[in-house]
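Beneath this line is the structure, given in structure tokens, with notes to follow.
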Amino acid sequence: MKNYFKQLLAKDLEKILSIKQAEIYKFLEYPKDETMADLALPCFASAKANGVKPQDCANAVVEVFKSKNFTASAVGGFVNFKINPAAFDTFLQSVLDDKNLTIQKEKKKTIIMDAGGANVAKELHMGHLRSPIIGEALKRLYRVFGHKVISDVHLGDWGLQMGLTILQIEIEKKSLKNIKEEEITLDFLNEVYPKASAKAKVDEAFRKKAEDYTVRIQKKQEPYYEAYRIIHRASLKDIRKNYDNLFVEFELWLGESDAEAYTDYIIDYLIKKGVTKEENGTLIVEVKKEGEHILKPKTNPTDKDEYLNPMPPLILKKANEGVLYATTDLATIYQRIKDYKPDEMIYVVDERQRMHFEQVFRTADKAGLFPRDKMLHVGFGTINGTDGKPFKTRGGNTVKLNLVVEEAIEKAEARLKENDVGVALERDPQAMRELAHKIAISAIKFGDLSNTVKKDYVLDFDKFLSFEGKTGPYLLYTVARINSILEKAVGVAPKSDPKFQIEIATHEVAMQVVKLIDSFYLSLKENTLSHICQQAFNLAKAFSGFYAATNILKEKDEKKKQGYIQLCRLTKKCLEFTLDTLAMPTVQKM
Ligand code: ARG
């Protein structure tokens with residue numbers, strides 16, 4: 001983790017403590033009471049090792065400490081350091097001048113980001129909301145660190161839902177030959193699949209026939225395959241629209257059906273590598289480890305922890321059955337290696353699929369296809385309603401994704417109408433909707449990403465859409481407020497870069513900039529955007545404090561005024577960079 005001030009300070013301290021810079025760096029921390037100092041060095045461990053009192057140890061350090069960047073004092077076993085204004089100024093200016101906020105790039109890796117996971121012929125619902133949001137943000141975060149990230153939507157387009165849908169259409173249209181592409185609308189599909197799925201649960205013969213149709217599609221038999229292509233096209237239109245509405249992009253629009261060409265190959269490959277076993281006609285791969293216990297996937301977040309012991313084998317091929325989920329995932333891994341030569345693969349998929357991925361990753365590793373430690377499942381928790389239970393309609397059904405977004409847009413519009421910008425926009429409904437859309441998405445995304453990925457969270461629109469507090473709209477609002485200050489400040493540009501004025505209110509903003517940069521490193525390390533969200537909020541809050549305490553544009557001292565404006569520019573830049581990384585839209589005014 002590269003913290004500019006910790007590095008500087010470690011260098012200064014190295015001269016007087018006979019400890020390596022990198023070691024000192026690790027010891028340095030932010031003091032609990034931020035008004036006391038900017039950084040602190042706890043002396044307890046080294047005092048103990050040397051048999052002296054921590055306070056004496058801290059005093060001894062202060063006595064010999066010399067630096068042009070920091071002032072030191074000893075308090076209760078800590079050496080407290082304050083960053084000098086000139087050092088702050090150099091740092092803040094470098095952040096403002098650097099495209100990447102001084103965040104250092106790593107050695108470039110190629111990473112496949114498997115996210116989205118929409119299923120063809122089925123409607124996108126609430127359960128599909130987190131994967132694209134987290135996937136898009138993680139993709140951008142890895143790019144900040146210099147990596148090449150290719151995201152793949154990995155459509156679920158090769159399973160039983162195809163057979164079910166086509167069988168049902170055949171029944172309704174009398175024959176598949178009667179299908180007209182223009183009749184296969186989304187509304188039509190939205191009726192067909194649930195009907196077929198419900199029937200298959202009670203009608204064994206219907207289900208068997210749908211399974212048979214699925215195999216026919218997978219063998220590209222007509223007219224089943226042509227019907228499948230038509231449905232595929234119709235669903236894709238809807239899926240694209242949903243992701244566009246979320247401001248999410250994919251480089252690859254591949255799916256399970258694209259890996260199909262490699263399933264025979266991968267099965268052969270695994271057999272040749274000697275990792276498979278046949279059990280009652282089923283081809284399996286043993287992936288359990290000696291003495292291991294694994295957590296059983298939970299159906300309800302409130303379920304008690306239960307362990308599966310040992311880990312069940314991966315099922316590669318059942319007698320007489322079409323392709324299985326795990327087989328497709330292994331074929332996809334092969335395809336990705338062949339086409340993109342990735343260094344790593346990241347899967348952003350529901351936490352409840354943990355065991356599936358563990359089985360797939362272990363199989364790939366066991367067969368020498370791809371190393372286990374280069375495959376990561378970023379498993380996310382469930383979205384709950386305000387009642388604390390999984391988000392459902394009143395009737396207990398899953399909620400369609402586009403309706404969730406629509407509801408957020410309507411609520412954002414209502415909020416907007418409470419202020420001047422909204423009132424002014426009432427004559428321009430299209431502009432109003434565009435603005436409300438951006439605010440809605442920022443609310444949904446921040447509400448999601450500000451939680452640790454693994455955690456379940458409660459989707460509460462009234463909270464998420466508030467313009468005050470730890471929300472997406474608050475961040476947008478802070479940027480919009482800075483935009484208006486900067487607009488009014490036009491024409492007073494100084495000849496050279498003004499110095500940042502480090503005083504009580506501005507110091508807090510400056511410190512939050514330092515911590516925001518830290519949070520990028522931490523979020524990358526833990527594959528969760530929550531640290532960045534928290535810090536972006538802290539920065540926005542510190543800025544609001546500064547704004548409330550300072551009359552920026554009416555400041556009489558010209559030098560100070562320019563310094564304040566410079567801090568506005570810096571805050572804007574940091575927040576916009578962060579919002580861009582999180583794939584949250586920004587707005588000029590709100
Ligand atoms: N379509 C799957 C689902 O709805 C998610 C796909 C996740 N990605 C993968 N490579 N298995 O559950």
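Following the order of the structure tokens, chains are lettered A, B, ..., residues in each are numbered from 1, and ligands are numbered from 1.
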For the contact check between stretch 46-89 of chain A and stretch 498-520 of chain A, emit one row per residue of stretch 46-89 of chain A within 9 Å, containing the shortest atom pair and the distance in Å rounded to one decimal, counting only C-alpha atoms, chain then rising number order, as CSV.
```
residue,atom,partner,partner_atom,distance
A:Asn84,CA,A:Ile502,CA,8.7
A:Pro85,CA,A:Ile502,CA,5.7
A:Ala86,CA,A:Lys499,CA,8.5
A:Phe88,CA,A:Ala510,CA,7.6
A:Asp89,CA,A:Phe500,CA,5.6
```
query: When the cut-off is 8 Å and you count only C-alpha atoms and all ligand atoms, which residues lie near ligand 1, shown as a list of chain:residue names?
result: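 Counting only what the definition allows, namely only C-alpha atoms and all ligand atoms, the set is A:Asp114, A:Ala115, A:Gly116, A:Gly117, A:Ala118, A:Asn119, A:His128, A:His154, A:Leu155, A:Gly156, A:Asp157, A:Tyr325, A:Ala326, A:Asp329, A:Thr332, A:Tyr347, A:Val348, A:Val349, A:Asp350, A:Gln353, A:Phe357.
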Take the selection from the previous step and output its residues with all heavy atoms, as a compact mmCIF listing (two decimals), in the first residue's frame.
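Result written to out_14.txt:
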```
# COMPACT_ATOMS: atom_id res chain seq x y z
N ASP A 114 -16.06 -12.20 -15.07
CA ASP A 114 -17.31 -12.88 -15.41
C ASP A 114 -18.42 -12.26 -14.53
O ASP A 114 -18.45 -12.48 -13.32
CB ASP A 114 -17.13 -14.38 -15.13
CG ASP A 114 -18.33 -15.24 -15.50
OD1 ASP A 114 -19.47 -14.89 -15.12
OD2 ASP A 114 -18.13 -16.27 -16.17
N ALA A 115 -19.27 -11.46 -15.15
CA ALA A 115 -20.31 -10.78 -14.36
C ALA A 115 -21.56 -10.65 -15.21
O ALA A 115 -21.51 -10.82 -16.42
CB ALA A 115 -19.83 -9.41 -13.92
N GLY A 116 -22.66 -10.30 -14.58
CA GLY A 116 -23.91 -10.17 -15.33
C GLY A 116 -24.72 -11.43 -15.15
O GLY A 116 -25.58 -11.53 -14.30
N GLY A 117 -24.40 -12.42 -16.00
CA GLY A 117 -25.01 -13.74 -15.85
C GLY A 117 -26.50 -13.82 -16.13
O GLY A 117 -27.19 -14.71 -15.63
N ALA A 118 -27.01 -12.89 -16.95
CA ALA A 118 -28.44 -12.91 -17.28
C ALA A 118 -28.79 -14.21 -18.02
O ALA A 118 -27.96 -14.77 -18.73
CB ALA A 118 -28.78 -11.72 -18.16
N ASN A 119 -30.01 -14.66 -17.83
CA ASN A 119 -30.45 -15.87 -18.51
C ASN A 119 -31.41 -15.55 -19.64
O ASN A 119 -32.35 -14.79 -19.45
CB ASN A 119 -31.12 -16.81 -17.49
CG ASN A 119 -30.15 -17.23 -16.40
OD1 ASN A 119 -29.00 -17.60 -16.70
ND2 ASN A 119 -30.56 -17.14 -15.16
N HIS A 128 -30.49 -10.32 -10.16
CA HIS A 128 -29.46 -10.01 -11.16
C HIS A 128 -28.90 -8.61 -10.99
O HIS A 128 -28.13 -8.15 -11.82
CB HIS A 128 -30.04 -10.14 -12.57
CG HIS A 128 -30.42 -11.54 -12.92
ND1 HIS A 128 -31.72 -11.93 -13.07
CD2 HIS A 128 -29.66 -12.64 -13.13
CE1 HIS A 128 -31.76 -13.22 -13.37
NE2 HIS A 128 -30.52 -13.68 -13.40
N HIS A 154 -21.46 -13.51 -19.88
CA HIS A 154 -21.71 -14.94 -19.67
C HIS A 154 -23.19 -15.27 -19.49
O HIS A 154 -23.66 -15.65 -18.41
CB HIS A 154 -20.90 -15.49 -18.49
CG HIS A 154 -20.80 -16.98 -18.55
ND1 HIS A 154 -20.01 -17.63 -19.47
CD2 HIS A 154 -21.42 -17.96 -17.85
CE1 HIS A 154 -20.13 -18.93 -19.32
NE2 HIS A 154 -20.99 -19.15 -18.35
N LEU A 155 -23.91 -15.15 -20.61
CA LEU A 155 -25.35 -15.41 -20.62
C LEU A 155 -25.65 -16.87 -20.29
O LEU A 155 -24.94 -17.77 -20.73
CB LEU A 155 -25.91 -15.12 -22.01
CG LEU A 155 -25.77 -13.70 -22.53
CD1 LEU A 155 -26.13 -13.65 -24.01
CD2 LEU A 155 -26.66 -12.75 -21.73
N GLY A 156 -26.70 -17.06 -19.53
CA GLY A 156 -27.20 -18.42 -19.29
C GLY A 156 -28.11 -18.76 -20.45
O GLY A 156 -29.30 -18.44 -20.43
N ASP A 157 -27.55 -19.35 -21.51
CA ASP A 157 -28.35 -19.53 -22.72
C ASP A 157 -28.25 -20.95 -23.27
O ASP A 157 -28.36 -21.17 -24.47
CB ASP A 157 -27.93 -18.51 -23.80
CG ASP A 157 -26.47 -18.66 -24.18
OD1 ASP A 157 -25.77 -19.50 -23.57
OD2 ASP A 157 -26.01 -17.93 -25.07
N TYR A 325 -24.05 -27.51 -15.72
CA TYR A 325 -23.52 -26.16 -15.40
C TYR A 325 -21.99 -26.17 -15.20
O TYR A 325 -21.26 -25.35 -15.76
CB TYR A 325 -24.24 -25.68 -14.13
CG TYR A 325 -24.03 -24.24 -13.75
CD1 TYR A 325 -23.95 -23.22 -14.70
CD2 TYR A 325 -23.92 -23.88 -12.40
CE1 TYR A 325 -23.79 -21.89 -14.31
CE2 TYR A 325 -23.76 -22.56 -12.01
CZ TYR A 325 -23.69 -21.57 -12.97
OH TYR A 325 -23.53 -20.27 -12.58
N ALA A 326 -21.51 -27.14 -14.44
CA ALA A 326 -20.08 -27.20 -14.15
C ALA A 326 -19.27 -27.52 -15.41
O ALA A 326 -18.18 -26.96 -15.61
CB ALA A 326 -19.80 -28.26 -13.08
N ASP A 329 -18.96 -24.44 -17.42
CA ASP A 329 -17.99 -23.51 -16.84
C ASP A 329 -16.55 -23.95 -17.11
O ASP A 329 -15.68 -23.13 -17.36
CB ASP A 329 -18.24 -23.33 -15.33
CG ASP A 329 -19.01 -22.04 -15.06
OD1 ASP A 329 -18.76 -21.05 -15.78
OD2 ASP A 329 -19.86 -22.01 -14.15
N THR A 332 -15.84 -23.14 -20.66
CA THR A 332 -15.65 -21.70 -20.78
C THR A 332 -14.24 -21.30 -20.35
O THR A 332 -13.61 -20.44 -20.97
CB THR A 332 -16.69 -20.93 -19.92
OG1 THR A 332 -17.98 -21.38 -20.30
CG2 THR A 332 -16.60 -19.44 -20.15
N TYR A 347 -14.96 -14.13 -10.91
CA TYR A 347 -16.38 -14.40 -11.12
C TYR A 347 -17.19 -13.63 -10.08
O TYR A 347 -17.03 -13.86 -8.88
CB TYR A 347 -16.68 -15.89 -10.95
CG TYR A 347 -16.04 -16.77 -12.00
CD1 TYR A 347 -14.68 -17.05 -11.97
CD2 TYR A 347 -16.81 -17.32 -13.02
CE1 TYR A 347 -14.11 -17.86 -12.94
CE2 TYR A 347 -16.24 -18.14 -13.99
CZ TYR A 347 -14.89 -18.41 -13.94
OH TYR A 347 -14.33 -19.20 -14.89
N VAL A 348 -18.06 -12.73 -10.56
CA VAL A 348 -18.91 -11.98 -9.63
C VAL A 348 -20.29 -12.63 -9.65
O VAL A 348 -21.11 -12.33 -10.52
CB VAL A 348 -18.98 -10.50 -10.03
CG1 VAL A 348 -19.77 -9.71 -8.99
CG2 VAL A 348 -17.58 -9.92 -10.17
N VAL A 349 -20.49 -13.55 -8.76
CA VAL A 349 -21.72 -14.37 -8.77
C VAL A 349 -22.19 -14.55 -7.32
O VAL A 349 -21.38 -14.57 -6.39
CB VAL A 349 -21.45 -15.76 -9.41
CG1 VAL A 349 -22.75 -16.55 -9.54
CG2 VAL A 349 -20.78 -15.63 -10.78
N ASP A 350 -23.49 -14.70 -7.17
CA ASP A 350 -24.12 -14.93 -5.87
C ASP A 350 -23.30 -15.86 -4.96
O ASP A 350 -22.83 -16.90 -5.39
CB ASP A 350 -25.51 -15.56 -6.13
CG ASP A 350 -26.43 -15.48 -4.92
OD1 ASP A 350 -25.97 -15.81 -3.81
OD2 ASP A 350 -27.58 -15.08 -5.11
N GLN A 353 -23.47 -19.65 -4.79
CA GLN A 353 -22.84 -20.56 -5.76
C GLN A 353 -21.40 -20.88 -5.38
O GLN A 353 -20.63 -21.38 -6.20
CB GLN A 353 -22.92 -19.98 -7.17
CG GLN A 353 -24.35 -19.87 -7.67
CD GLN A 353 -24.44 -19.61 -9.17
OE1 GLN A 353 -23.56 -19.97 -9.94
NE2 GLN A 353 -25.52 -18.98 -9.58
N PHE A 357 -18.35 -23.02 -7.64
CA PHE A 357 -17.08 -22.46 -8.14
C PHE A 357 -15.87 -23.14 -7.52
O PHE A 357 -14.88 -23.37 -8.19
CB PHE A 357 -17.04 -20.94 -7.95
CG PHE A 357 -17.91 -20.24 -8.96
CD1 PHE A 357 -19.10 -19.65 -8.59
CD2 PHE A 357 -17.55 -20.25 -10.30
CE1 PHE A 357 -19.93 -19.06 -9.53
CE2 PHE A 357 -18.37 -19.65 -11.25
CZ PHE A 357 -19.56 -19.05 -10.86
```
Just want the 9 Å neighbourhood of stretch 196-204 of chain A, counted on only C-alpha atoms, with same-chain residues fewer than 3 positions away dropped. Output as a PDB file with all heavy atoms, in the first residue's frame.
```pdb
ATOM      1  N   GLN A 161     -34.257 -23.980 -19.579  1.00  0.00           N
ATOM      2  CA  GLN A 161     -35.261 -22.930 -19.846  1.00  0.00           C
ATOM      3  C   GLN A 161     -35.557 -22.806 -21.342  1.00  0.00           C
ATOM      4  O   GLN A 161     -36.653 -22.449 -21.734  1.00  0.00           O
ATOM      5  CB  GLN A 161     -34.838 -21.572 -19.248  1.00  0.00           C
ATOM      6  CG  GLN A 161     -33.863 -20.748 -20.042  1.00  0.00           C
ATOM      7  CD  GLN A 161     -32.419 -20.978 -19.584  1.00  0.00           C
ATOM      8  OE1 GLN A 161     -32.088 -22.030 -19.065  1.00  0.00           O
ATOM      9  NE2 GLN A 161     -31.547 -20.014 -19.788  1.00  0.00           N
ATOM     10  N   LEU A 164     -37.991 -25.648 -22.229  1.00  0.00           N
ATOM     11  CA  LEU A 164     -39.293 -25.332 -21.637  1.00  0.00           C
ATOM     12  C   LEU A 164     -40.022 -24.276 -22.464  1.00  0.00           C
ATOM     13  O   LEU A 164     -41.197 -24.424 -22.808  1.00  0.00           O
ATOM     14  CB  LEU A 164     -39.093 -24.795 -20.208  1.00  0.00           C
ATOM     15  CG  LEU A 164     -38.760 -25.819 -19.129  1.00  0.00           C
ATOM     16  CD1 LEU A 164     -38.324 -25.116 -17.848  1.00  0.00           C
ATOM     17  CD2 LEU A 164     -39.958 -26.721 -18.847  1.00  0.00           C
ATOM     18  N   THR A 165     -39.305 -23.208 -22.790  1.00  0.00           N
ATOM     19  CA  THR A 165     -39.919 -22.101 -23.519  1.00  0.00           C
ATOM     20  C   THR A 165     -40.400 -22.558 -24.894  1.00  0.00           C
ATOM     21  O   THR A 165     -41.512 -22.252 -25.321  1.00  0.00           O
ATOM     22  CB  THR A 165     -38.900 -20.950 -23.680  1.00  0.00           C
ATOM     23  OG1 THR A 165     -38.357 -20.657 -22.404  1.00  0.00           O
ATOM     24  CG2 THR A 165     -39.532 -19.708 -24.253  1.00  0.00           C
ATOM     25  N   LEU A 167     -41.044 -25.594 -26.018  1.00  0.00           N
ATOM     26  CA  LEU A 167     -42.154 -26.537 -25.950  1.00  0.00           C
ATOM     27  C   LEU A 167     -43.477 -25.792 -25.717  1.00  0.00           C
ATOM     28  O   LEU A 167     -44.493 -26.068 -26.368  1.00  0.00           O
ATOM     29  CB  LEU A 167     -41.905 -27.550 -24.819  1.00  0.00           C
ATOM     30  CG  LEU A 167     -43.040 -28.530 -24.524  1.00  0.00           C
ATOM     31  CD1 LEU A 167     -43.433 -29.333 -25.757  1.00  0.00           C
ATOM     32  CD2 LEU A 167     -42.635 -29.491 -23.393  1.00  0.00           C
ATOM     33  N   GLN A 168     -43.452 -24.840 -24.816  1.00  0.00           N
ATOM     34  CA  GLN A 168     -44.657 -24.073 -24.510  1.00  0.00           C
ATOM     35  C   GLN A 168     -45.116 -23.265 -25.734  1.00  0.00           C
ATOM     36  O   GLN A 168     -46.302 -23.193 -26.041  1.00  0.00           O
ATOM     37  CB  GLN A 168     -44.382 -23.149 -23.309  1.00  0.00           C
ATOM     38  CG  GLN A 168     -45.588 -22.362 -22.838  1.00  0.00           C
ATOM     39  CD  GLN A 168     -46.680 -23.257 -22.258  1.00  0.00           C
ATOM     40  OE1 GLN A 168     -46.411 -24.363 -21.779  1.00  0.00           O
ATOM     41  NE2 GLN A 168     -47.925 -22.798 -22.333  1.00  0.00           N
ATOM     42  N   GLU A 191     -44.609 -14.221 -20.482  1.00  0.00           N
ATOM     43  CA  GLU A 191     -45.747 -15.047 -20.104  1.00  0.00           C
ATOM     44  C   GLU A 191     -45.404 -16.518 -20.255  1.00  0.00           C
ATOM     45  O   GLU A 191     -45.788 -17.343 -19.431  1.00  0.00           O
ATOM     46  CB  GLU A 191     -46.929 -14.747 -21.034  1.00  0.00           C
ATOM     47  CG  GLU A 191     -47.817 -13.646 -20.541  1.00  0.00           C
ATOM     48  CD  GLU A 191     -48.876 -13.335 -21.585  1.00  0.00           C
ATOM     49  OE1 GLU A 191     -49.410 -14.282 -22.209  1.00  0.00           O
ATOM     50  OE2 GLU A 191     -49.137 -12.132 -21.788  1.00  0.00           O
ATOM     51  N   VAL A 192     -44.679 -16.820 -21.338  1.00  0.00           N
ATOM     52  CA  VAL A 192     -44.423 -18.217 -21.681  1.00  0.00           C
ATOM     53  C   VAL A 192     -43.570 -18.936 -20.646  1.00  0.00           C
ATOM     54  O   VAL A 192     -43.944 -20.014 -20.164  1.00  0.00           O
ATOM     55  CB  VAL A 192     -43.747 -18.292 -23.072  1.00  0.00           C
ATOM     56  CG1 VAL A 192     -43.251 -19.704 -23.344  1.00  0.00           C
ATOM     57  CG2 VAL A 192     -44.721 -17.848 -24.146  1.00  0.00           C
ATOM     58  N   TYR A 193     -42.428 -18.357 -20.295  1.00  0.00           N
ATOM     59  CA  TYR A 193     -41.513 -19.095 -19.431  1.00  0.00           C
ATOM     60  C   TYR A 193     -42.108 -19.441 -18.064  1.00  0.00           C
ATOM     61  O   TYR A 193     -42.068 -20.605 -17.658  1.00  0.00           O
ATOM     62  CB  TYR A 193     -40.159 -18.381 -19.288  1.00  0.00           C
ATOM     63  CG  TYR A 193     -39.281 -19.113 -18.303  1.00  0.00           C
ATOM     64  CD1 TYR A 193     -38.675 -20.317 -18.667  1.00  0.00           C
ATOM     65  CD2 TYR A 193     -39.128 -18.669 -17.002  1.00  0.00           C
ATOM     66  CE1 TYR A 193     -37.932 -21.040 -17.759  1.00  0.00           C
ATOM     67  CE2 TYR A 193     -38.388 -19.385 -16.082  1.00  0.00           C
ATOM     68  CZ  TYR A 193     -37.785 -20.566 -16.471  1.00  0.00           C
ATOM     69  OH  TYR A 193     -37.061 -21.285 -15.561  1.00  0.00           O
ATOM     70  N   ARG A 207     -42.113 -32.134 -18.411  1.00  0.00           N
ATOM     71  CA  ARG A 207     -40.726 -31.849 -18.070  1.00  0.00           C
ATOM     72  C   ARG A 207     -39.770 -32.701 -18.911  1.00  0.00           C
ATOM     73  O   ARG A 207     -38.789 -32.205 -19.470  1.00  0.00           O
ATOM     74  CB  ARG A 207     -40.491 -32.105 -16.589  1.00  0.00           C
ATOM     75  CG  ARG A 207     -39.119 -31.647 -16.138  1.00  0.00           C
ATOM     76  CD  ARG A 207     -38.731 -32.110 -14.746  1.00  0.00           C
ATOM     77  NE  ARG A 207     -37.273 -32.140 -14.671  1.00  0.00           N
ATOM     78  CZ  ARG A 207     -36.544 -31.079 -14.367  1.00  0.00           C
ATOM     79  NH1 ARG A 207     -37.101 -29.935 -14.068  1.00  0.00           N
ATOM     80  NH2 ARG A 207     -35.222 -31.167 -14.368  1.00  0.00           N
ATOM     81  N   LYS A 208     -40.083 -33.983 -19.014  1.00  0.00           N
ATOM     82  CA  LYS A 208     -39.247 -34.916 -19.788  1.00  0.00           C
ATOM     83  C   LYS A 208     -39.143 -34.440 -21.242  1.00  0.00           C
ATOM     84  O   LYS A 208     -38.076 -34.458 -21.851  1.00  0.00           O
ATOM     85  CB  LYS A 208     -39.857 -36.330 -19.738  1.00  0.00           C
ATOM     86  CG  LYS A 208     -39.491 -37.109 -18.493  1.00  0.00           C
ATOM     87  CD  LYS A 208     -38.433 -38.142 -18.851  1.00  0.00           C
ATOM     88  CE  LYS A 208     -37.510 -38.619 -17.761  1.00  0.00           C
ATOM     89  NZ  LYS A 208     -37.697 -38.296 -16.389  1.00  0.00           N
ATOM     90  N   LYS A 209     -40.288 -34.017 -21.772  1.00  0.00           N
ATOM     91  CA  LYS A 209     -40.311 -33.560 -23.158  1.00  0.00           C
ATOM     92  C   LYS A 209     -39.455 -32.292 -23.319  1.00  0.00           C
ATOM     93  O   LYS A 209     -38.732 -32.144 -24.303  1.00  0.00           O
ATOM     94  CB  LYS A 209     -41.765 -33.289 -23.598  1.00  0.00           C
ATOM     95  CG  LYS A 209     -41.903 -33.155 -25.094  1.00  0.00           C
ATOM     96  CD  LYS A 209     -43.342 -33.332 -25.562  1.00  0.00           C
ATOM     97  CE  LYS A 209     -43.403 -33.166 -27.082  1.00  0.00           C
ATOM     98  NZ  LYS A 209     -44.752 -33.100 -27.601  1.00  0.00           N
ATOM     99  N   ALA A 210     -39.540 -31.397 -22.323  1.00  0.00           N
ATOM    100  CA  ALA A 210     -38.743 -30.173 -22.372  1.00  0.00           C
ATOM    101  C   ALA A 210     -37.250 -30.501 -22.312  1.00  0.00           C
ATOM    102  O   ALA A 210     -36.425 -29.878 -22.982  1.00  0.00           O
ATOM    103  CB  ALA A 210     -39.123 -29.250 -21.224  1.00  0.00           C
TER     104      ALA A 210
END
```
- request: Kindly indicate which residue among A:Val453, A:Leu376, A:Ser530, A:Lys525 lies nearest to A:Glu344, using only C-alpha atoms for the distances.
  value: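 When distances to A:Glu344 are compared using only C-alpha atoms, the smallest one comes from A:Leu376.
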- request: Pull the alpha helix (DSSP H) assignments for stretch 163-339 of chain A out of DSSP run on the backbone, and list those residues as a PyMOL selection string.
  value: chain A and resi 163-173+186-202+204-218+224-245+256-259+263-272+325-339
message: as JSON, numbers by chain, please: every residue in stretch 286-359 of chain A that a backbone DSSP assignment puts in strand (DSSP E or B).
response: {"A": [294, 295, 307, 308, 314, 315, 316, 317, 344, 345, 346, 347, 348, 349, 350]}
May I have the selected residues written with C-alpha atoms, as a PDB file, in the first residue's frame?
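Wrote out_4.pdb, looks like this:
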```
ATOM      1  CA  ILE A 294     -16.950 -26.663   4.099  1.00  0.00           C
ATOM      2  CA  LEU A 295     -19.831 -24.372   4.813  1.00  0.00           C
ATOM      3  CA  TYR A 307     -20.852 -27.958   7.233  1.00  0.00           C
ATOM      4  CA  LEU A 308     -20.662 -30.352   4.352  1.00  0.00           C
ATOM      5  CA  LEU A 314     -18.037 -32.197  -9.414  1.00  0.00           C
ATOM      6  CA  ILE A 315     -20.484 -33.823 -11.804  1.00  0.00           C
ATOM      7  CA  LEU A 316     -19.135 -33.659 -15.315  1.00  0.00           C
ATOM      8  CA  LYS A 317     -21.603 -35.765 -17.249  1.00  0.00           C
ATOM      9  CA  GLU A 344      -6.573 -14.271 -13.692  1.00  0.00           C
ATOM     10  CA  MET A 345     -10.299 -14.932 -13.782  1.00  0.00           C
ATOM     11  CA  ILE A 346     -12.780 -13.243 -11.462  1.00  0.00           C
ATOM     12  CA  TYR A 347     -16.384 -14.397 -11.117  1.00  0.00           C
ATOM     13  CA  VAL A 348     -18.909 -11.984  -9.628  1.00  0.00           C
ATOM     14  CA  VAL A 349     -21.716 -14.367  -8.768  1.00  0.00           C
ATOM     15  CA  ASP A 350     -24.124 -14.932  -5.870  1.00  0.00           C
TER      16      ASP A 350
END
```
Proximity of stretch 394-420 of chain A to stretch 567-589 of chain A: per-residue shortest pair, 12 Å limit, only C-alpha atoms, as CSV:
```
residue,atom,partner,partner_atom,distance
A:Leu416,CA,A:Lys589,CA,10.9
A:Asn419,CA,A:Lys589,CA,11.3
A:Asp420,CA,A:Lys589,CA,10.4
```
message: Using only C-alpha atoms for the distances, tell me which of A:Pro194, A:Arg354, A:Leu465, A:Pro371 is nearest to A:Lys445.
response: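 Closest residue, counting only C-alpha atoms: A:Leu465.
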Determine, using only C-alpha atoms, which residues of stretch 347-379 of chain A have any atom at most 9 Å from an atom of stretch 251-273 of chain A, and tabulate each with its shortest atom pair and distance in Å to one decimal place, rows ordered by chain and then rising number, as a Markdown table.
```
| residue | atom | partner | partner_atom | distance |
| --- | --- | --- | --- | --- |
| A:Thr363 | CA | A:Leu270 | CA | 8.6 |
| A:Ala364 | CA | A:Leu270 | CA | 8.8 |
| A:Lys366 | CA | A:Lys273 | CA | 8.8 |
| A:Ala367 | CA | A:Lys273 | CA | 5.9 |
| A:Gly368 | CA | A:Lys273 | CA | 8.3 |
```
How would the residues just picked look written out with C-alpha atoms as a short mmCIF file (atom, residue, chain, number, x, y, z; two decimals), in the first residue's frame?
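again24.cif was written with the following content:
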```
data_model
loop_
_atom_site.label_atom_id
_atom_site.label_comp_id
_atom_site.auth_asym_id
_atom_site.auth_seq_id
_atom_site.Cartn_x
_atom_site.Cartn_y
_atom_site.Cartn_z
CA THR A 363 -11.03 -29.36 -11.09
CA ALA A 364 -9.30 -26.87 -13.38
CA LYS A 366 -6.18 -30.57 -10.59
CA ALA A 367 -6.10 -31.08 -14.34
CA GLY A 368 -3.42 -28.43 -14.86
#
```
query: A:Val75, A:Ala10, A:Met590, A:Ile16: which is nearest A:Pro54, counting only C-alpha atoms?
result: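 Result for the nearest residue to A:Pro54: A:Val75.
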